[in-house]
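**Student:** Have a look at this one.
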Amino acid sequence: MSVFNGRGANVWAQFHQQLMNSAGILEANGSLMQPMAAAQRVEWDSCDHDRNLWFKQDLANTVPAWGPLYKRTSTYLPDSYKTFLGELNSAAIARSSIPERSVFKRLEIHRQVLQSQIDLLLGDLYKQWHVYVDQSPPETAKPLRQWAEDLGLITEIKNKRSELKGTLGAMLLIANQAGGELKTIGYALSAMGAPGTRQLMPFSKEVCELGKDFWQKYYVAAVDVDIFDFRVDSDPRIITLGGGAPETEDFEARWESPVEQGWCSFFDPYGRATDQSNAEYFKSSITNIRITFDNIGAFEIVRPGWFKDGLVRRYVDSVNPNLFTRTGDLPLVPTGVILARGLQIDIAAAEYSRDYFYHRHEFERGGFSIGPFSFGVDGCTTTYAETEVTKTETGLHIEDMSNRAFVVGVVSERPHDWLVHKPTPLWMQVAQQLGGVDRAYTALESAHREVSDDCNLQRITSSP
């Protein structure tokens with residue numbers, strides 16, 4: 001009997017539970033682990049310290065998407081954290097009883113406007129800068145500051161930064177006198193602009209080679225692991241997926257979102273999905289999957305200075321709760337990663353599927369994925385040259401020969417779980433006013449049936 005049940009969500013639930021067991025993770029107090037939808041190779045294992053810094057902050061400072069599996073979003077954590085601090089400061093001022101509350105409120109509004117203007121100016125500047133660097137020959141490209149000054153982009157940013165600095169200073173004078181939460185929040189806001197919280201880093205290999213005059217600043221964040229030690233240490237762990245294997249019971253339900261990532265797929269050398277009928281047949285013939293890691297571990301994400309651990313948890317009920325919903329600015333805060341290396345996968349499958357898979361990999365150079373692990377093309381967990389596939393009596397043995405580490409899971413805090421009063425989604429509010437949630441689902445199903453009936457009628461009338 002196949003290990004898969006329908007979409008394969010049961011196998012993801014088994015993988016999730018056993019991945020936590022292997023890495024020694026316990027989910028508690030709003031902390032949740034998301035297996036990677038697509039395992040990401042660790043790129044901070046080069047000899048280039050500055051590029052390594054950029055890769056680490058890129059992972060640590062990206063807000064994950066809400067869902068059972070980890071997927072990247074385009075949301076930059078420092079921006080979301082600034083939004084939270086701004087809302088928190090406005091709320092703290094509103095409930096304060098200090099004599100300077102009126103002027104403090106005006107200063108905070110002005111601070112938020114200045115910060116927004118600076119962020120927009122910098123965002124536009126860096127977009128233009130990336131295009132300029134990509135299109136300019138290295139020998140003629142101007143350093144970032146010179147290029148920006150020649151376009152007249154520096155003066156306005158510099159003036160607004162000076163005004164923001166003065167505004168923050170004036171606010172701190174009031175906050176220091178008031179003490180309490182106003183002082184705490186004031187120091188958190190000022191920390192975002194403190195020296196050393198951002199460093200120059202190269203966003204690409206080409207920019208790295210041009211030198212530091214061509215780099216831009218990013219908020220410092222890192223993963224607390226010596227990746228070179230991790231690549232030589234050995235502490236094997238085995239994950240077995242199949243009938244009776246332990247699984248996380250509410251794997252999808254706690255996100256109110258289904259798993260959208262299949263467990264097996266085939267693709268061509270260009271990464272395009274292909275041959276899906278055989279992929280489904282291959283999946284249906286699998287009776288057991290055994291995944292072995294030569295080393296696996298969970299490691300903390302560190303954001304020195306600028307990100308105040310515990311501040312979000314402490315004041316989560318003091319701001320608009322929609323900030324922490326699926327579509328809010330701060331749905332998740334990544335706090336750790338699970339790294340692994342020395343991947344081996346043993347698949348028990350029917351003879352036809354085994355032979356087809358082996359021939360496809362060896363002679364047609366077709367890529368494939370098993371759960372979060374992909375093999376065969378650029379951007380995969382492992383390339384063709386680093387993947388060894390052998391036939392066994394019961395199926396297939398797949399081994400990663402690269403000895404590179406990869407990210408297999410991300411641990412995040414979900415502030416929504418800390419809320420005392422959780423917001424009701426707008427659609428549910430409307431449905432409850434008009435007869436209940438079930439009636440909303442029934443209305444949608446009725447509309448779908450009409451479309452289905454129309455489709456059936458079209459097939460009848462179009463028949464020869």
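Chain identifiers are assigned as A, B, and so on, following the order in which chains appear in the structure tokens; residues are numbered from 1 within each chain, and ligands are numbered from 1 in order of appearance.
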Could you name the residues that touch segment 258-262 of chain A at 12 Å or less, counting only C-alpha atoms, but leaving out those on the same chain fewer than 2 positions away, as a count of residues only?

**Tutor:** 43

**Student:** With only C-alpha atoms as the counted atoms, please give the residues lying no more than 9 Å from segment 140-146 of chain A, apart from itself and same-chain residues fewer than 2 positions off, as a list of chain:residue names.

**Tutor:**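 Near segment 140-146 of chain A, the qualifying residues are A:Trp129, A:Tyr132, A:Val133, A:Ser136, A:Pro137, A:Pro138, A:Ala148, A:Glu149, A:Asp150, A:Leu151, A:Ile154, A:Leu210, A:Gly211, A:Lys212, A:Asp213, A:Phe214, A:Trp215, A:Gln216.
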
**Student:** DSSP on the backbone: what in segment 178-416 of chain A comes out strand (DSSP E), as a ChimeraX atom specification?

**Tutor:** /A:198-201,216-219,222-223,237-241,264-267,288-293,295-302,333-341,344-348,367-370,373-375,387-391,395-400,406-413

**Student:** Could you check which of A:Thr292, A:Thr383, A:Thr240, A:Asn176 is closest to Arg341 of chain A, using only C-alpha atoms?

**Tutor:** A:Thr292

**Student:** Write out as a ChimeraX atom specification which residues come within 10 Å of segment 295-297 of chain A when counting only C-alpha atoms, dropping same-chain ones fewer than 5 positions away.

**Tutor:** /A:19-20,22-25,225,230-237,337-343,405-408

**Student:** Compare A:Ala194, A:Leu26, A:Val207, A:Val319 by their minimum atom-to-atom distance to Gly86 of chain A, counting only C-alpha atoms, and give me the closest one.

**Tutor:**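 With only C-alpha atoms as the atom set, the closest residue is A:Val319.
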
**Student:** Please extract the residues of segment 75-239 of chain A with a backbone DSSP assignment of alpha helix (DSSP H) and present them as an NGL selection string.

**Tutor:** :A and (77-94 or 101-135 or 144-150 or 154-178 or 180-191 or 205-210 or 227-232)

**Student:** Restricted to C-alpha atoms, what would the selected residues look like written as a compact mmCIF listing (two decimals), in the first residue's frame?

**Tutor:**
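Saved the output as selection.txt:
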```txt
# COMPACT_ATOMS: atom_id res chain seq x y z
CA LEU A 77 11.83 41.82 8.86
CA PRO A 78 13.44 45.15 9.90
CA ASP A 79 10.68 47.01 8.00
CA SER A 80 7.96 44.96 9.72
CA TYR A 81 9.59 45.49 13.10
CA LYS A 82 9.69 49.27 12.47
CA THR A 83 5.96 49.17 11.71
CA PHE A 84 5.32 47.35 14.98
CA LEU A 85 7.40 49.85 16.98
CA GLY A 86 5.62 52.78 15.35
CA GLU A 87 2.17 51.42 16.21
CA LEU A 88 3.35 50.53 19.72
CA ASN A 89 4.77 53.99 20.38
CA SER A 90 1.59 55.69 19.12
CA ALA A 91 -0.54 53.49 21.41
CA ALA A 92 1.74 54.10 24.41
CA ILE A 93 1.59 57.87 23.90
CA ALA A 94 -2.21 57.77 23.56
CA ARG A 101 1.54 64.05 25.49
CA SER A 102 0.24 66.38 22.78
CA VAL A 103 3.68 67.46 21.56
CA PHE A 104 4.99 63.90 21.93
CA LYS A 105 2.18 62.69 19.67
CA ARG A 106 3.04 65.30 17.02
CA LEU A 107 6.71 64.31 17.18
CA GLU A 108 5.82 60.62 16.69
CA ILE A 109 3.63 61.39 13.67
CA HIS A 110 6.45 63.46 12.19
CA ARG A 111 8.95 60.67 12.92
CA GLN A 112 6.81 58.11 11.13
CA VAL A 113 6.40 60.39 8.09
CA LEU A 114 10.15 61.01 7.91
CA GLN A 115 10.96 57.32 8.30
CA SER A 116 8.48 56.40 5.56
CA GLN A 117 9.92 59.02 3.21
CA ILE A 118 13.48 57.86 3.84
CA ASP A 119 12.54 54.20 3.28
CA LEU A 120 10.83 55.06 -0.02
CA LEU A 121 13.79 57.15 -1.20
CA LEU A 122 16.28 54.44 -0.28
CA GLY A 123 14.14 51.72 -1.85
CA ASP A 124 13.99 53.62 -5.13
CA LEU A 125 17.70 54.46 -4.95
CA TYR A 126 18.73 50.82 -4.47
CA LYS A 127 16.45 49.59 -7.26
CA GLN A 128 18.09 52.04 -9.67
CA TRP A 129 21.51 51.13 -8.28
CA HIS A 130 21.04 47.40 -8.91
CA VAL A 131 20.04 48.10 -12.52
CA TYR A 132 23.02 50.43 -12.98
CA VAL A 133 25.52 47.92 -11.59
CA ASP A 134 24.09 45.05 -13.67
CA GLN A 135 24.30 47.07 -16.88
CA LEU A 144 27.48 53.89 -4.98
CA ARG A 145 27.90 57.24 -3.25
CA GLN A 146 29.39 58.98 -6.28
CA TRP A 147 26.68 57.58 -8.56
CA ALA A 148 23.93 58.73 -6.17
CA GLU A 149 25.47 62.19 -5.75
CA ASP A 150 25.77 62.65 -9.52
CA ILE A 154 21.98 62.02 -1.68
CA THR A 155 21.08 65.51 -0.48
CA GLU A 156 17.38 64.86 0.20
CA ILE A 157 18.08 61.60 2.03
CA LYS A 158 20.84 63.21 4.08
CA ASN A 159 18.60 66.13 5.09
CA LYS A 160 15.71 63.90 6.09
CA ARG A 161 18.04 61.64 8.10
CA SER A 162 19.36 64.67 9.97
CA GLU A 163 15.81 65.78 10.74
CA LEU A 164 14.87 62.24 11.85
CA LYS A 165 17.88 62.13 14.15
CA GLY A 166 16.83 65.39 15.81
CA THR A 167 13.22 64.24 16.12
CA LEU A 168 14.25 60.99 17.80
CA GLY A 169 16.53 62.90 20.16
CA ALA A 170 13.72 65.24 21.20
CA MET A 171 11.40 62.28 21.73
CA LEU A 172 13.99 60.57 23.93
CA LEU A 173 14.23 63.68 26.14
CA ILE A 174 10.52 63.32 26.88
CA ALA A 175 10.63 59.53 27.12
CA ASN A 176 13.55 59.58 29.60
CA GLN A 177 11.58 61.88 31.88
CA ALA A 178 8.42 59.78 31.57
CA GLY A 180 8.32 53.15 31.92
CA GLU A 181 7.15 51.82 28.58
CA LEU A 182 7.70 55.14 26.79
CA LYS A 183 11.39 54.96 27.64
CA THR A 184 11.60 51.28 26.70
CA ILE A 185 9.98 51.87 23.32
CA GLY A 186 12.02 55.01 22.73
CA TYR A 187 15.26 53.10 23.18
CA ALA A 188 14.00 50.35 20.86
CA LEU A 189 13.27 52.93 18.16
CA SER A 190 16.66 54.60 18.57
CA ALA A 191 18.42 51.23 18.37
CA LYS A 205 29.30 38.01 -6.34
CA GLU A 206 29.90 40.63 -9.03
CA VAL A 207 29.30 43.53 -6.63
CA CYS A 208 31.54 41.85 -4.07
CA GLU A 209 34.42 41.88 -6.54
CA LEU A 210 33.93 45.62 -7.17
CA ILE A 227 29.23 25.87 9.40
CA PHE A 228 32.69 24.43 8.79
CA ASP A 229 32.57 22.42 12.02
CA PHE A 230 29.03 21.31 11.16
CA ARG A 231 30.24 19.93 7.83
CA VAL A 232 32.80 17.64 9.48
```

**Student:** Record the distance separating atom CA of Ser31 of chain A and atom CA of Gly305 of chain A, expressed in Å with one decimal.

**Tutor:** 21.9 Å

**Student:** For a test of reading the model, state the distance in Å between atom CA of His359 of chain A and atom CA of Glu386 of chain A, rounded to one decimal.

**Tutor:**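 Distance reported for this atom pair: 17.4 Å.
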
**Student:** Can you work out which one of A:Asn21, A:Ser204, A:Val3, A:Arg95 has the shortest atom-to-atom distance to Glu43 of chain A, counting only C-alpha atoms?

**Tutor:** A:Ser204

**Student:** What does the distance between atom CA of Glu139 of chain A and atom CA of Gln57 of chain A come to in Å, to one decimal place?

**Tutor:** 28.9 Å

**Student:** Of the residues A:Ala65, A:Ala60, A:Ala440, A:Cys380, which is the one nearest to Leu330 of chain A, using only C-alpha atoms?

**Tutor:** A:Ala65

**Student:** Using only C-alpha atoms, which residue out of A:Glu351, A:Glu364, A:Asp329, A:Glu413 lies closest to Ser285 of chain A?

**Tutor:** A:Glu351

**Student:** Taking only C-alpha atoms into account, which of A:Phe299, A:Tyr352, A:Phe55, A:Phe363 comes nearest Tyr218 of chain A?

**Tutor:**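 Answer, going by the shortest atom-to-atom distance: A:Phe55.
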